[in-house]
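Engineer: Dumping the structure here so I can ask a few things about it.
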Amino acid sequence: MMTRRRLARFAAGSGVPLASHDAWAYTATSNGWNMPTGVTQIAHSVHSLHMWVFLTCVAIGVVVFGVMLYSIINHRRSKHPNPANFHENVKVEIAWTIAPFVILICLAVPAAGTLIKMEDTRNSDLTVKVTGYQWKWQYEYVGQGVSFFSTLSHASNAARQLGAHGEGLSGSFSSADLKQLEQADGGHYLVNVDNPLYLPVGKKIRFLITSNDVIHAWWVPDFAVKKDAIPGYINEVWTKIDEPGVYRGVCAELCGRDHGFMPIVVHAVPEDEFEAFLKRQKDGDLEAQVPSAETVVGGAAPKAEPAVATTEVAAADTADSAAAAPPPPAKKALSEADLLAKGKTVYEANCQACHQANGQGMPPNFPALAGSTVANGPPEAHIEQILKGKKLMPPFAQLSDEEIAAVATFERTSWGNKGSVIQPDQVSALRQ
Ligand code: HEC
Ligand SMILES: [Cu+2]
């Protein structure tokens with residue numbers, strides 16, 4: 001197991017997307033040799049089914065090879081120089097027609113039962129929409145107004161940059177490098193994310209699975225849930241988790257360059273903790289709309305009126321000025337410091353894989369942003385490129401106006417670039 005895990009990590013470090021084949025090793029309920037027993041009723045059924053089919057195959061193997069071996073030894077030429085000479089045997093023919101038929105029925109009945117249970121997504125307590133992106137997942141708690149992206153954790157990503165430049169499988173990747181990778185990200189190299197999915201235990205959760213670009217597959221072995229995420233289609237699947245814990249999975253459909261780098265982390269928690277999580281998410285969103293104390297009106301966005309944004313949660317000191325009739329909701333302007341701080345996180349999660357932490361990119365295919373004409377040129381072209389993508393660069397329109405403004409400001413200000421502030425308003429103006 002160790003060797004397999006090492007190999008997968010080694011390969012992943014060198015940019016070869018092998019990581020998903022190694023997923024057994026990371027499940028909570030697998031010993032690394034067999035399928036995980038899982039933490040849901042369905043997973044237990046799937047595991048029993050797997051064991052039943054496996055043992056049936058072993059029994060058939062033993063009987064067939066037993067008879068063969070017996071015949072080879074006992075009817076060898078030295079013992080029986082004159083072979084029996086007969087044709088057709090009705091009894092044997094009936095037996096070898098009926099026996100496989102019975103075996104197939106014994107396999108098909110429990111398999112069909114489990115499949116039917118798996119497909120029954122009725123009466124769920126909660127619906128989560130899962131959308132695959134190259135190369136991250138988006139989770140939306142349907143009807144709750146909570147949705148977020150889940151990307152490879154920063155620590156894993158940083159460690160893999162180290163591997164990406166190593167010589168990889170060709171040899172000069174030292175065992176010290178390997179050790180370093182194994183310990184990277186708290187021992188969860190390539191299977192940690194920035195924002196895990198939280199789910200309540202003991203509740204029937206329905207997943208609606210789709211994709212925004214190419215085919216991905218959402219796979220969490222401990223739940224026995226594995227479903228293709230297909231653009232334009234919505235697949236349904238469900239789970240009901242029995243035991244609280246952290247469960248991991250990966251994208252299980254080869255989906256492009258970073259297929260091996262879009263893991264899944266699920267925190268299964270008791271219901272009250274789950275409610276607290278949802279509340280935190282909702283409150284977080286509200287906070288984001290309220291101008292913070294150090295918010296300044298950027299020169300680039302004269303329309304912004306911080307004092308009138310989201311009056312219902314206005315702090316006491318803004319209450320009086322908030323009485324004025326609210327104009328059409330203007331995006332609030334952010335301070336350069338806020339933009340830069342946020343931009344750095346957005347950059348690490350979305351751009352660094354191609355453009356590198358130092359902004360040098362990986363020429364010739366992935367250009368440097370340090371000294372780039374786009375990052376030092378007119379803001380519109382820069383924003384357009386992020387929204388729409390260009391050739392090998394995917395579009396990032398799914399990021400919020402704030403996130404795009406922040407990451408553009410970060411790029412324009414880092415690595416010796418000239419530096420200028422882009423505000424969310426400028427981004428929303430360029431969206432169709
Ligand atoms: C999958 C790799 C990839 C990712 C991820 C990526 N880019 Fe790019 N980026 C490219 C490629 C390739 C180009 C060159 C496009 C061309 O001109 O052909 C590029 C070009 C750019 C340029 C213009 C550089 C120049 O001078 O031509 C900017 C600015 C940019 N990217 C910003 C971003 C931002 C912001 C993000 C994150 C939100 C990001 N990129 C994520 C691949 C990527
Ligand atoms: Cu994928």
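Chain lettering (A, B, ...) mirrors the order of the structure tokens, residue numbering begins at 1 for each chain separately, and ligand numbering begins at 1 in order of display.
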Counting only C-alpha atoms and all ligand atoms, which protein, DNA or RNA residues come within 7 Å of ligand 1, given as number ranges by chain?
Structural biologist: A: 346-347, 350-355, 365-369, 372-375, 382, 385-386, 390-394, 396, 404, 407-408, 411
Engineer: I'd like the contact shell of Met51 in chain A - 10 Å cut-off, only C-alpha atoms, skipping same-chain residues fewer than 5 positions apart - returned as a CSV table (one decimal) with N, CA and C atoms, in the first residue's frame.
Structural biologist:
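What follows is the written file out_21.csv:
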```
chain,number,residue,atom,x,y,z
A,34,ASN,N,-9.0,-3.4,0.5
A,34,ASN,CA,-10.4,-3.7,0.0
A,34,ASN,C,-11.1,-2.4,-0.2
A,35,MET,N,-12.3,-2.6,-0.8
A,35,MET,CA,-13.2,-1.4,-0.9
A,35,MET,C,-13.5,-0.9,0.6
A,45,SER,N,-24.4,-1.7,1.9
A,45,SER,CA,-25.0,-2.7,0.9
A,45,SER,C,-24.0,-2.9,-0.2
A,46,VAL,N,-23.4,-1.8,-0.7
A,46,VAL,CA,-22.5,-2.0,-1.8
A,46,VAL,C,-21.3,-2.8,-1.4
A,56,THR,N,-18.4,-15.4,-4.5
A,56,THR,CA,-18.9,-16.3,-5.6
A,56,THR,C,-17.9,-16.5,-6.6
A,57,CYS,N,-17.2,-15.5,-7.1
A,57,CYS,CA,-16.1,-15.7,-8.1
A,57,CYS,C,-15.0,-16.6,-7.6
```
Engineer: Within 6 Å of ligand 2 (counting only C-alpha atoms and all ligand atoms), which residues show up? I'd like them as a PyMOL selection string.
Structural biologist: chain A and resi 135+216+251+253+255+259
Engineer: Mind giving me the straight-line distance from CA of Asp194 in chain A to CA of Gly38 in chain A in Å, one decimal?
Structural biologist: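 Those two atoms sit 24.1 Å apart.
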Engineer: Between A:Gln432, A:Tyr198, A:Leu178, A:Pro231, which one has atoms that come closest to Ala397 in chain A, using only C-alpha atoms?
Structural biologist: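 For Ala397 in chain A, the nearest of the given residues is A:Gln432.
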Engineer: Report the distance between CA of Glu275 in chain A and CA of Leu152 in chain A in Å, rounded to one decimal place.
Structural biologist: 24.9 Å
Engineer: How close does each residue of range 123-145 of chain A get to range 223-227 of chain A, giving the shortest atom pair and distance in Å to one decimal for every residue with an atom at most 12 Å away, counting only C-alpha atoms, sorted by chain and residue number, as JSON lines?
Structural biologist:
```
{"residue": "A:Val130", "atom": "CA", "partner": "A:Lys227", "partner_atom": "CA", "distance": 10.5}
{"residue": "A:Thr131", "atom": "CA", "partner": "A:Lys227", "partner_atom": "CA", "distance": 11.6}
{"residue": "A:Gly132", "atom": "CA", "partner": "A:Lys227", "partner_atom": "CA", "distance": 11.3}
```
Engineer: For the residues selected in the previous step, produce a file with all heavy atoms as an mmCIF file, in the first residue's frame.
Structural biologist:
```
data_model
loop_
_atom_site.group_PDB
_atom_site.id
_atom_site.type_symbol
_atom_site.label_atom_id
_atom_site.label_comp_id
_atom_site.auth_asym_id
_atom_site.auth_seq_id
_atom_site.Cartn_x
_atom_site.Cartn_y
_atom_site.Cartn_z
ATOM 1 N N VAL A 130 -24.083 20.264 -6.837
ATOM 2 C CA VAL A 130 -22.631 20.147 -6.990
ATOM 3 C C VAL A 130 -22.295 20.435 -8.450
ATOM 4 O O VAL A 130 -22.816 19.766 -9.344
ATOM 5 C CB VAL A 130 -22.161 18.725 -6.632
ATOM 6 C CG1 VAL A 130 -20.666 18.588 -6.824
ATOM 7 C CG2 VAL A 130 -22.570 18.355 -5.216
ATOM 8 N N THR A 131 -21.461 21.428 -8.700
ATOM 9 C CA THR A 131 -21.085 21.753 -10.070
ATOM 10 C C THR A 131 -19.581 21.595 -10.240
ATOM 11 O O THR A 131 -18.802 22.164 -9.478
ATOM 12 C CB THR A 131 -21.488 23.205 -10.415
ATOM 13 O OG1 THR A 131 -22.849 23.400 -10.033
ATOM 14 C CG2 THR A 131 -21.342 23.478 -11.895
ATOM 15 N N GLY A 132 -19.195 20.814 -11.241
ATOM 16 C CA GLY A 132 -17.777 20.643 -11.522
ATOM 17 C C GLY A 132 -17.268 21.763 -12.414
ATOM 18 O O GLY A 132 -17.961 22.205 -13.331
#
```
Engineer: Rounded to one decimal place, report the CA of Asn85 in chain A-CA of Ile98 in chain A distance in Å.
Structural biologist: 25.2 Å
Engineer: Pick out the closest residue to Tyr139 in chain A from this set: A:Leu197, A:Ala341, A:Met68, A:Ala84. Count only C-alpha atoms.
Structural biologist: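 Closest to Tyr139 in chain A of all the choices is A:Leu197.
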